[in-house]
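Next comes target_17.txt, a file with compact mmCIF, C-alpha atoms.
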```
# COMPACT_ATOMS: atom_id res chain seq x y z
CA MET A 1 0.00 0.00 0.00
CA GLU A 2 2.88 2.38 0.80
CA GLU A 3 4.39 1.66 -2.59
CA TYR A 4 1.08 2.48 -4.23
CA GLN A 5 0.77 5.74 -2.25
CA LYS A 6 4.21 6.89 -3.40
CA ALA A 7 3.49 5.89 -7.01
CA HIS A 8 0.17 7.72 -6.84
CA ASP A 9 1.83 10.90 -5.53
CA ASP A 10 4.38 10.74 -8.37
CA TYR A 11 1.58 10.22 -10.90
CA ILE A 12 -0.35 13.26 -9.61
CA LEU A 13 2.77 15.43 -9.89
CA ALA A 14 3.70 14.16 -13.39
CA ARG A 15 0.13 14.57 -14.59
CA SER A 16 -0.11 18.18 -13.39
CA GLN A 17 3.27 19.02 -14.95
CA TYR A 18 2.19 17.49 -18.28
CA LEU A 19 -1.14 19.34 -18.26
CA LYS A 20 0.70 22.57 -17.43
CA PHE A 21 3.64 22.41 -19.87
CA LEU A 22 2.43 19.90 -22.51
CA THR A 23 6.03 19.17 -23.48
CA LEU A 24 7.35 15.86 -24.77
CA THR A 25 9.47 15.40 -21.66
CA SER A 26 6.55 16.00 -19.34
CA LYS A 27 4.46 13.60 -21.44
CA GLN A 28 7.16 10.94 -21.20
CA ASN A 29 7.39 11.48 -17.43
CA ALA A 30 3.59 11.23 -17.15
CA GLN A 31 3.56 7.94 -19.07
CA VAL A 32 6.22 6.42 -16.84
CA ALA A 33 4.60 7.65 -13.61
CA THR A 34 1.14 6.48 -14.71
CA SER A 35 2.31 3.02 -15.70
CA ILE A 36 4.10 2.59 -12.37
CA MET A 37 0.99 3.74 -10.51
CA LEU A 38 -1.30 1.38 -12.44
CA LYS A 39 1.00 -1.56 -11.74
CA ALA A 40 1.21 -0.66 -8.05
CA ARG A 41 -2.59 -0.35 -7.92
CA ASP A 42 -3.05 -3.80 -9.47
CA ALA A 43 -0.51 -5.18 -6.99
CA VAL A 44 -2.58 -3.77 -4.10
CA VAL A 45 -5.72 -5.45 -5.46
CA VAL A 46 -3.91 -8.78 -5.91
CA SER A 47 -2.46 -8.55 -2.41
CA TYR A 48 -5.90 -7.77 -0.95
CA LEU A 49 -7.54 -10.71 -2.75
CA LYS A 50 -4.79 -13.06 -1.58
CA THR A 51 -5.41 -11.90 2.02
CA LEU A 52 -9.10 -12.74 1.62
CA VAL A 53 -8.22 -16.20 0.30
CA ALA A 54 -5.84 -16.77 3.22
CA ARG A 55 -8.50 -15.72 5.73
CA MET A 56 -11.06 -18.00 4.10
CA ASN A 57 -8.63 -20.89 4.47
CA GLU A 58 -8.22 -20.12 8.19
CA ILE A 59 -11.89 -20.23 9.12
CA GLU A 60 -13.04 -23.76 9.76
CA GLY A 61 -16.78 -23.10 9.85
CA ILE A 62 -17.16 -22.22 6.17
CA PRO A 63 -19.02 -24.97 4.33
CA ALA A 64 -16.73 -26.65 1.78
CA GLU A 65 -18.99 -25.88 -1.16
CA ASN A 66 -19.26 -22.20 -0.28
CA ARG A 67 -15.57 -21.95 0.34
CA GLN A 68 -14.72 -23.46 -3.02
CA THR A 69 -17.16 -21.26 -4.94
CA VAL A 70 -15.95 -17.99 -3.40
CA MET A 71 -12.29 -18.95 -3.54
CA ASP A 72 -12.53 -19.89 -7.22
CA LYS A 73 -13.96 -16.45 -7.95
CA LEU A 74 -11.30 -14.76 -5.91
CA ASN A 75 -8.54 -16.72 -7.65
CA ALA A 76 -10.00 -15.78 -11.04
CA GLU A 77 -9.84 -12.11 -10.03
CA ILE A 78 -6.28 -12.52 -8.82
CA ALA A 79 -5.34 -14.00 -12.18
CA TRP A 80 -7.08 -11.19 -14.06
CA PHE A 81 -5.37 -8.41 -12.10
CA GLU A 82 -1.97 -10.09 -12.34
CA ASP A 83 -2.42 -10.43 -16.08
CA HIS A 84 -3.58 -6.84 -16.31
CA LYS A 85 -0.57 -5.68 -14.36
CA ASN A 86 1.82 -7.57 -16.67
CA ASN A 87 0.26 -5.95 -19.72
CA ILE A 88 0.99 -2.43 -18.53
CA SER A 89 4.12 -0.92 -20.08
CA ALA A 90 5.90 2.39 -19.71
CA SER A 91 5.89 2.67 -23.51
CA ASP A 92 2.05 2.70 -23.60
CA SER A 93 0.52 5.96 -24.70
CA LEU A 94 -1.44 8.03 -22.23
CA ASP A 95 -4.67 7.06 -23.99
CA THR A 96 -3.81 3.36 -23.74
CA LEU A 97 -2.95 3.75 -20.06
CA THR A 98 -6.24 5.56 -19.47
CA SER A 99 -8.08 2.76 -21.24
CA LYS A 100 -6.29 0.09 -19.19
CA SER A 101 -7.11 1.99 -16.02
CA ASP A 102 -10.79 2.05 -16.97
CA GLU A 103 -10.75 -1.72 -17.49
CA ALA A 104 -9.39 -2.16 -13.99
CA LYS A 105 -11.95 0.28 -12.62
CA LYS A 106 -14.84 -1.72 -14.11
CA ARG A 107 -13.38 -4.95 -12.79
CA TYR A 108 -12.78 -3.51 -9.34
CA THR A 109 -16.36 -2.24 -9.07
CA GLU A 110 -17.61 -5.77 -9.73
CA LEU A 111 -14.96 -7.13 -7.41
CA ASN A 112 -16.42 -5.06 -4.58
CA ILE A 113 -19.48 -7.34 -4.57
CA LEU A 114 -17.30 -10.45 -4.53
CA ALA A 115 -15.16 -9.01 -1.71
CA HIS A 116 -18.24 -8.38 0.45
CA THR A 117 -19.56 -11.84 -0.35
CA ALA A 118 -16.23 -13.25 0.81
CA LEU A 119 -16.30 -11.10 3.95
CA PHE A 120 -19.79 -12.32 4.79
CA THR A 121 -18.75 -15.92 4.13
CA ILE A 122 -15.86 -15.48 6.58
CA SER A 123 -18.09 -13.98 9.31
CA ASP A 124 -20.78 -16.59 8.70
CA GLY A 125 -18.14 -19.31 8.90
CA ARG A 126 -17.05 -17.99 12.29
CA ILE A 127 -20.62 -18.22 13.57
CA ASN A 128 -20.90 -21.76 12.17
CA ASP A 129 -17.72 -22.70 13.98
CA TYR A 130 -18.93 -21.23 17.30
CA GLN A 131 -22.32 -22.90 16.95
CA LYS A 132 -20.75 -26.25 16.23
CA ARG A 133 -18.42 -26.01 19.21
CA HIS A 134 -21.20 -24.79 21.49
CA SER A 135 -23.47 -27.59 20.35
CA GLU A 136 -20.80 -30.19 20.99
CA ILE A 137 -19.98 -28.83 24.49
CA PHE A 138 -23.67 -28.53 25.31
CA GLN A 139 -24.32 -32.12 24.25
CA ARG A 140 -21.46 -33.40 26.41
CA THR A 141 -22.80 -31.36 29.34
CA LYS A 142 -26.28 -32.79 28.90
CA ASP A 143 -24.87 -36.33 28.65
CA LYS A 144 -22.95 -35.82 31.88
CA PHE A 145 -26.05 -34.48 33.59
CA GLU A 146 -28.06 -37.52 32.45
CA GLN A 147 -25.38 -39.77 33.86
CA ILE A 148 -25.48 -37.93 37.19
CA LYS A 149 -29.27 -38.12 37.28
CA ASN A 150 -29.09 -41.90 36.93
CA GLU A 151 -26.64 -42.22 39.80
CA LYS A 152 -27.84 -44.45 42.66
CA ARG A 153 -24.90 -43.93 45.00
CA GLU A 154 -25.81 -41.59 47.82
CA ASP A 155 -22.83 -39.23 47.58
CA TYR A 156 -23.15 -38.93 43.82
CA THR A 157 -26.78 -37.90 43.54
CA LEU A 158 -28.05 -34.34 43.18
CA SER A 159 -31.01 -32.91 45.05
CA ASP A 160 -34.31 -32.37 43.24
CA ARG A 161 -33.87 -28.62 43.63
CA LYS A 162 -30.50 -28.72 41.90
CA LYS A 163 -31.86 -30.93 39.14
CA GLU A 164 -34.69 -28.49 38.53
CA ILE A 165 -32.25 -25.57 38.30
CA ILE A 166 -30.03 -27.43 35.85
CA GLU A 167 -32.99 -28.44 33.70
CA ARG A 168 -34.10 -24.83 33.60
CA TRP A 169 -30.62 -23.73 32.46
CA ILE A 170 -30.65 -26.45 29.82
CA SER A 171 -33.91 -25.21 28.35
CA GLU A 172 -32.65 -21.59 28.45
CA ALA A 173 -29.44 -22.57 26.66
CA GLU A 174 -31.42 -24.46 24.02
CA ALA A 175 -33.68 -21.45 23.45
CA ARG A 176 -30.69 -19.12 23.02
CA ALA A 177 -28.96 -21.49 20.63
CA ALA A 178 -32.15 -21.73 18.56
CA LYS A 179 -32.41 -17.92 18.43
CA SER A 180 -28.79 -17.72 17.35
CA GLU A 181 -29.52 -20.05 14.43
CA GLU A 182 -32.60 -18.03 13.50
CA SER A 183 -30.59 -14.80 13.36
CA GLN A 184 -27.95 -16.47 11.24
CA ALA A 185 -30.61 -17.71 8.81
CA GLU A 186 -32.02 -14.17 8.59
CA ALA A 187 -28.54 -12.86 7.81
CA GLN A 188 -28.11 -15.31 4.95
CA LYS A 189 -31.57 -14.48 3.70
CA SER A 190 -30.88 -10.73 3.58
CA LEU A 191 -27.90 -11.35 1.28
CA ASN A 192 -29.99 -13.43 -1.12
CA LEU A 193 -31.60 -10.21 -2.36
CA GLY A 194 -28.24 -9.14 -3.76
CA VAL A 195 -24.91 -8.25 -2.29
CA ASN A 196 -24.14 -4.57 -1.80
CA ILE A 197 -22.89 -2.44 1.05
CA GLN A 198 -26.37 -2.00 2.49
CA THR A 199 -27.38 -5.68 2.47
CA TYR A 200 -23.93 -6.63 3.71
CA THR A 201 -24.29 -4.25 6.68
CA ILE A 202 -27.74 -5.67 7.52
CA ALA A 203 -26.48 -9.24 7.24
CA ILE A 204 -23.50 -8.53 9.50
CA SER A 205 -25.74 -6.94 12.14
CA LYS A 206 -27.87 -10.13 12.12
CA LEU A 207 -24.72 -12.18 12.59
CA ASP A 208 -23.81 -9.93 15.52
CA THR A 209 -27.18 -10.75 17.09
CA SER A 210 -26.57 -14.43 16.43
CA GLN A 211 -23.23 -14.17 18.21
CA GLU A 212 -24.86 -12.44 21.20
CA TYR A 213 -27.41 -15.26 21.57
CA LEU A 214 -24.65 -17.80 21.37
CA LYS A 215 -22.73 -15.95 24.06
CA GLU A 216 -25.78 -16.14 26.34
CA ALA A 217 -26.25 -19.84 25.57
CA THR A 218 -22.62 -20.46 26.52
CA LEU A 219 -23.13 -18.63 29.81
CA PHE A 220 -26.01 -20.96 30.61
CA VAL A 221 -23.80 -23.97 29.92
CA LYS A 222 -21.21 -22.48 32.28
CA GLU A 223 -23.94 -22.11 34.87
CA ILE A 224 -24.94 -25.79 34.47
CA ILE A 225 -21.35 -26.87 35.00
CA ARG A 226 -21.09 -24.62 38.06
CA GLU A 227 -24.24 -26.13 39.56
CA ILE A 228 -22.78 -29.61 39.10
CA THR A 229 -19.43 -28.73 40.64
CA VAL A 230 -20.85 -26.89 43.69
CA SER A 231 -22.16 -28.81 46.67
CA GLU A 232 -25.71 -28.33 48.01
CA MET B 1 -14.67 43.30 88.22
CA LEU B 2 -16.80 42.69 85.15
CA GLY B 3 -19.34 45.33 84.43
CA PHE B 4 -17.59 47.91 86.52
CA ASN B 5 -18.53 51.24 85.10
CA LYS B 6 -15.36 53.25 85.06
CA ASN B 7 -16.92 56.16 83.23
CA LYS B 8 -19.32 56.92 86.03
CA ARG B 9 -16.65 56.90 88.67
CA ASN B 10 -15.45 60.10 90.19
CA PRO B 11 -11.77 59.55 90.64
CA GLN B 12 -11.67 61.96 93.61
CA ASP B 13 -14.31 60.45 95.88
CA ALA B 14 -14.87 56.96 94.51
CA LYS B 15 -12.66 54.18 95.75
CA PRO B 16 -12.39 50.60 94.47
CA ILE B 17 -14.35 47.89 96.23
CA GLY B 18 -13.19 44.75 97.99
CA VAL B 19 -9.74 43.70 99.03
CA ASP B 20 -8.11 45.09 95.97
CA THR B 21 -9.82 48.40 96.50
CA GLN B 22 -8.64 48.50 100.05
CA PHE B 23 -5.11 47.93 98.99
CA GLN B 24 -5.42 50.55 96.37
CA ALA B 25 -7.04 52.92 98.83
CA ASN B 26 -4.17 52.47 101.14
CA PRO B 27 -1.05 52.27 99.10
CA THR B 28 1.06 51.45 102.09
CA VAL B 29 -0.48 47.94 102.16
CA SER B 30 0.15 47.31 98.57
CA GLN B 31 3.72 48.39 98.99
CA GLY B 32 4.20 45.93 101.88
CA LYS B 33 4.49 48.63 104.49
CA VAL B 34 2.71 48.97 107.90
CA PRO B 35 -0.87 47.53 107.83
CA PRO B 36 -3.69 49.99 108.39
CA THR B 37 -5.07 50.52 111.88
CA GLN B 38 -8.71 49.71 112.90
CA SER B 39 -9.78 53.34 112.72
CA VAL B 40 -8.42 53.68 109.26
CA LEU B 41 -10.27 50.55 108.15
CA GLU B 42 -13.54 51.89 109.56
CA GLU B 43 -13.10 55.11 107.71
CA ASP B 44 -12.36 53.19 104.57
CA GLU B 45 -15.49 51.07 104.97
CA ASP B 46 -17.59 54.19 105.14
CA GLU B 47 -15.91 55.48 102.05
CA VAL B 48 -16.47 52.16 100.28
CA GLU B 49 -20.14 52.25 101.08
CA LEU B 50 -20.36 55.70 99.68
CA THR B 51 -18.47 54.64 96.61
CA GLU B 52 -20.68 51.60 96.01
CA SER B 53 -23.73 53.74 96.02
CA LYS B 54 -22.20 55.95 93.35
CA VAL B 55 -20.81 53.20 91.03
CA ASP B 56 -23.20 51.80 88.41
CA TRP B 57 -22.71 48.10 89.14
CA ASN B 58 -25.08 46.45 86.76
CA PRO B 59 -23.64 44.06 84.03
CA ARG B 60 -27.04 43.22 82.47
CA PRO B 61 -27.39 46.21 80.17
CA LYS B 62 -24.00 45.43 78.60
CA ARG B 63 -24.97 41.75 78.11
CA MET B 64 -28.24 42.78 76.61
CA GLY B 65 -26.44 45.11 74.25
CA PHE B 66 -24.13 42.32 73.22
CA LEU B 67 -27.10 40.02 72.63
CA LYS B 68 -28.91 42.73 70.74
CA THR B 69 -25.94 42.95 68.37
CA ILE B 70 -25.34 39.23 67.96
CA ALA B 71 -28.93 37.97 67.77
CA PRO B 72 -29.84 39.67 64.46
CA VAL B 73 -26.56 38.53 62.92
CA ILE B 74 -27.28 34.94 63.94
CA LEU B 75 -30.82 35.28 62.68
CA ILE B 76 -29.71 36.68 59.32
CA LEU B 77 -27.04 34.00 58.94
CA SER B 78 -29.47 31.19 59.72
CA VAL B 79 -32.09 32.58 57.30
CA ALA B 80 -29.41 32.93 54.61
CA GLY B 81 -28.23 29.38 55.31
CA PHE B 82 -31.73 27.96 54.97
CA GLY B 83 -32.26 30.00 51.82
CA ILE B 84 -29.05 28.75 50.18
CA ALA B 85 -29.85 25.17 51.15
CA TYR B 86 -33.35 25.51 49.70
CA PHE B 87 -32.14 27.02 46.42
CA MET B 88 -29.42 24.43 46.02
CA ARG B 89 -31.97 21.71 46.50
CA SER B 90 -34.38 23.28 44.03
CA ASP B 91 -31.48 23.74 41.53
CA LYS B 92 -30.65 20.10 41.86
CA LYS B 93 -34.24 19.21 41.17
CA VAL B 94 -34.17 21.26 37.98
CA THR B 95 -30.84 19.99 36.66
CA GLN B 96 -31.35 16.40 37.65
CA GLY B 97 -31.95 14.11 34.67
CA PRO B 98 -33.94 10.92 34.74
CA PRO B 99 -33.52 8.94 37.94
CA LEU B 100 -30.55 6.63 37.91
CA PRO B 101 -31.29 2.95 37.58
CA PRO B 102 -30.92 1.00 40.79
CA VAL B 103 -27.41 -0.29 41.24
CA PRO B 104 -27.37 -3.95 42.17
CA SER B 105 -25.67 -4.54 45.46
CA ILE B 106 -22.80 -6.97 45.39
CA PRO B 107 -23.90 -10.16 47.07
CA PRO B 108 -21.79 -11.15 50.02
CA PHE B 109 -19.02 -13.55 49.22
CA GLN B 110 -19.96 -17.11 49.96
CA ARG B 111 -17.46 -19.87 49.95
CA PHE B 112 -18.98 -22.76 48.04
CA GLN B 113 -18.23 -26.27 48.95
CA PRO B 114 -17.05 -28.20 45.89
CA SER B 115 -19.23 -31.16 45.06
CA ILE B 116 -17.99 -34.67 44.38
CA TYR B 117 -17.95 -33.76 40.65
CA ALA B 118 -15.59 -30.80 41.05
CA ASP B 119 -12.58 -32.98 40.20
CA ASP B 120 -14.34 -35.14 37.63
CA PRO B 121 -12.13 -35.22 34.48
CA VAL B 122 -15.16 -34.94 32.16
CA ILE B 123 -16.39 -31.85 34.02
CA LEU B 124 -12.90 -30.32 34.09
CA LYS B 125 -12.60 -30.75 30.33
CA LEU B 126 -16.06 -29.26 29.82
CA GLN B 127 -15.10 -26.28 31.99
CA GLU B 128 -11.94 -25.71 30.00
CA ASP B 129 -13.72 -25.95 26.63
CA VAL B 130 -16.60 -23.72 27.61
CA ASN B 131 -14.22 -21.09 29.01
CA VAL B 132 -12.22 -21.04 25.77
CA LEU B 133 -15.41 -20.68 23.71
CA ASP B 134 -16.77 -17.97 25.97
CA ARG B 135 -13.50 -16.02 25.74
CA GLU B 136 -13.50 -16.27 21.94
CA LEU B 137 -17.13 -15.24 21.67
CA SER B 138 -16.53 -12.23 23.90
CA ASN B 139 -13.33 -11.05 22.21
CA THR B 140 -14.06 -11.67 18.53
CA GLN B 141 -15.56 -9.04 16.30
CA ILE B 142 -17.75 -10.71 13.70
CA LYS B 143 -17.36 -7.94 11.15
CA GLU B 144 -13.99 -8.15 9.38
CA THR B 145 -13.29 -4.42 9.48
CA ILE B 146 -9.60 -4.68 8.55
CA LEU B 147 -10.47 -6.65 5.40
CA GLU B 148 -12.66 -3.99 3.81
CA PRO B 149 -11.68 -3.30 0.15
CA PRO B 150 -8.92 -0.66 -0.08
CA THR B 151 -9.75 2.79 -1.41
CA LEU B 152 -7.91 3.29 -4.69
CA ASP B 153 -7.84 6.03 -7.30
CA PHE B 154 -9.31 4.79 -10.58
CA ASN B 155 -9.90 8.18 -12.19
CA VAL B 156 -6.97 8.37 -14.59
CA THR B 157 -7.44 11.12 -17.20
CA PHE B 158 -5.19 13.55 -18.98
CA LYS B 159 -7.74 16.13 -20.06
```
Would you write the structure of this file as structure tokens?
Amino acid sequence: MEEYQKAHDDYILARSQYLKFLTLTSKQNAQVATSIMLKARDAVVVSYLKTLVARMNEIEGIPAENRQTVMDKLNAEIAWFEDHKNNISASDSLDTLTSKSDEAKKRYTELNILAHTALFTISDGRINDYQKRHSEIFQRTKDKFEQIKNEKREDYTLSDRKKEIIERWISEAEARAAKSEESQAEAQKSLNLGVNIQTYTIAISKLDTSQEYLKEATLFVKEIIREITVSE
Amino acid sequence: MLGFNKNKRNPQDAKPIGVDTQFQANPTVSQGKVPPTQSVLEEDEDEVELTESKVDWNPRPKRMGFLKTIAPVILILSVAGFGIAYFMRSDKKVTQGPPLPPVPSIPPFQRFQPSIYADDPVILKLQEDVNVLDRELSNTQIKETILEPPTLDFNVTFK
């Protein structure tokens, strides 16, 4: 990004000098500065897309099919921008450079939608991962509670009052987990209308709500465990 | 000696009262010289009586004067104090916003007895896993703010 900033500053200076003096030297300088800036700009886009791909690989909760679809699109964009970057030359005329810049502009505008789709997929994958882990911990907790309930040994049994409390926490945790899933489904639904900044923002806020419910559900599981580990 | 009205005394015929006055009336005593004879004392007593009748020995008017000065000041101060207190209270009422929500009191610390399951390996593993998940859920921001598309300049023109 720093390289791009410097190249962009040089381009702005060369462009203003060319427009002011309109000499061959200033035109040559403008061509060189513009080509360097366009290459640096493509490099930034490629680097950004590669970061998205790396992040998508990190998140375990992304469904394989989704992951593959989005990553294929991202890789196709990486290839396009790398190819575009290699086709830029300092010997290109200013009109050619302008034309090549416009191509990249069009592509980048479309890429914005793909980038936000990828960002949503990453956030959604995180929620999937948390839900899966919560569900697994919750199931183990319930299994342990069932085992304790079936205990016949005197020291190992829980009082009816404690059992009632734990059962209440179990139902509360289940309700929160269900609400978390509902919010996640709403988030996915809001993106089905079409991905743009507005729908992306709505979808992310739904995922935030989903995360909050999951947090509450986890607190109830903690409370169940605490009840089991504390004496009457 | 309080309330002794010096202004009304005639220095020529009035003499001080009591032992001190006697000593002052007869300077020889005060100077440690020969004590006064009986006749002299009798004469002095007569003179003292005369003097007492002439001296205005009444401390009440002075006290009353003092009270008359102090009482209004105390009254004004107390009225001013009540007034300030009232206005401050009324100001508070005006500037006060909505009432604050009740602050929950911290329950007293109770030492819990661990149950027989406190050291159960399954429970310990569950505790560890749930704590890790809770920490992650609390510290993770779902929105990937640092991965927003970069802002780039695509307006390249030479006109």
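Proximity ranking of B:Arg135, B:Lys68, B:Lys143, B:Lys125 relative to Lys206 (chain A) places B:Lys143 first, based on only C-alpha atoms.
Remark: for chain B, the closest of the candidate residues A:Ser123, A:Ser171, A:Thr209, A:Ser190 is A:Ser123 (distances computed over all atoms listed in the file).
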Contact set, chain B to chain A: 12 Å, all atoms listed in the file, as a count of residues only:
50
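The two atoms in question, CA of Gln28 (chain A) and CA of Asp92 (chain A), are spaced 10.0 Å apart.
Separating CA of Lys73 (chain A) from CA of Ala40 (chain A) is a distance of 21.9 Å.
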Which neighbours of Lys39 (chain A) fall inside 8 Å, counting all atoms listed in the file, when residues of the same chain fewer than 3 positions from it are skipped, and could you give them as a PyMOL selection string?
chain A and resi 35-36+42-43+85-86+88
Tell me, in Å to one decimal, how far CA of Val195 (chain A) is from CA of Glu65 (chain A).
18.6 Å
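Restricting the calculation to all atoms listed in the file, the smallest distance between Ile59 (chain A) and any of A:Thr121, A:Met71, A:Phe220, A:Arg161 is found for A:Thr121.
Distances here use only C-alpha atoms; by that measure, the residue among A:Ile170, A:Ala90, A:Ala54, A:Leu74 closest to Thr117 (chain A) is A:Leu74.
The shortest atom-to-atom distance to Glu82 (chain A), with all atoms listed in the file taken into account, belongs to A:Val46 out of A:Glu110, A:Val46, A:Lys142, A:Glu181.
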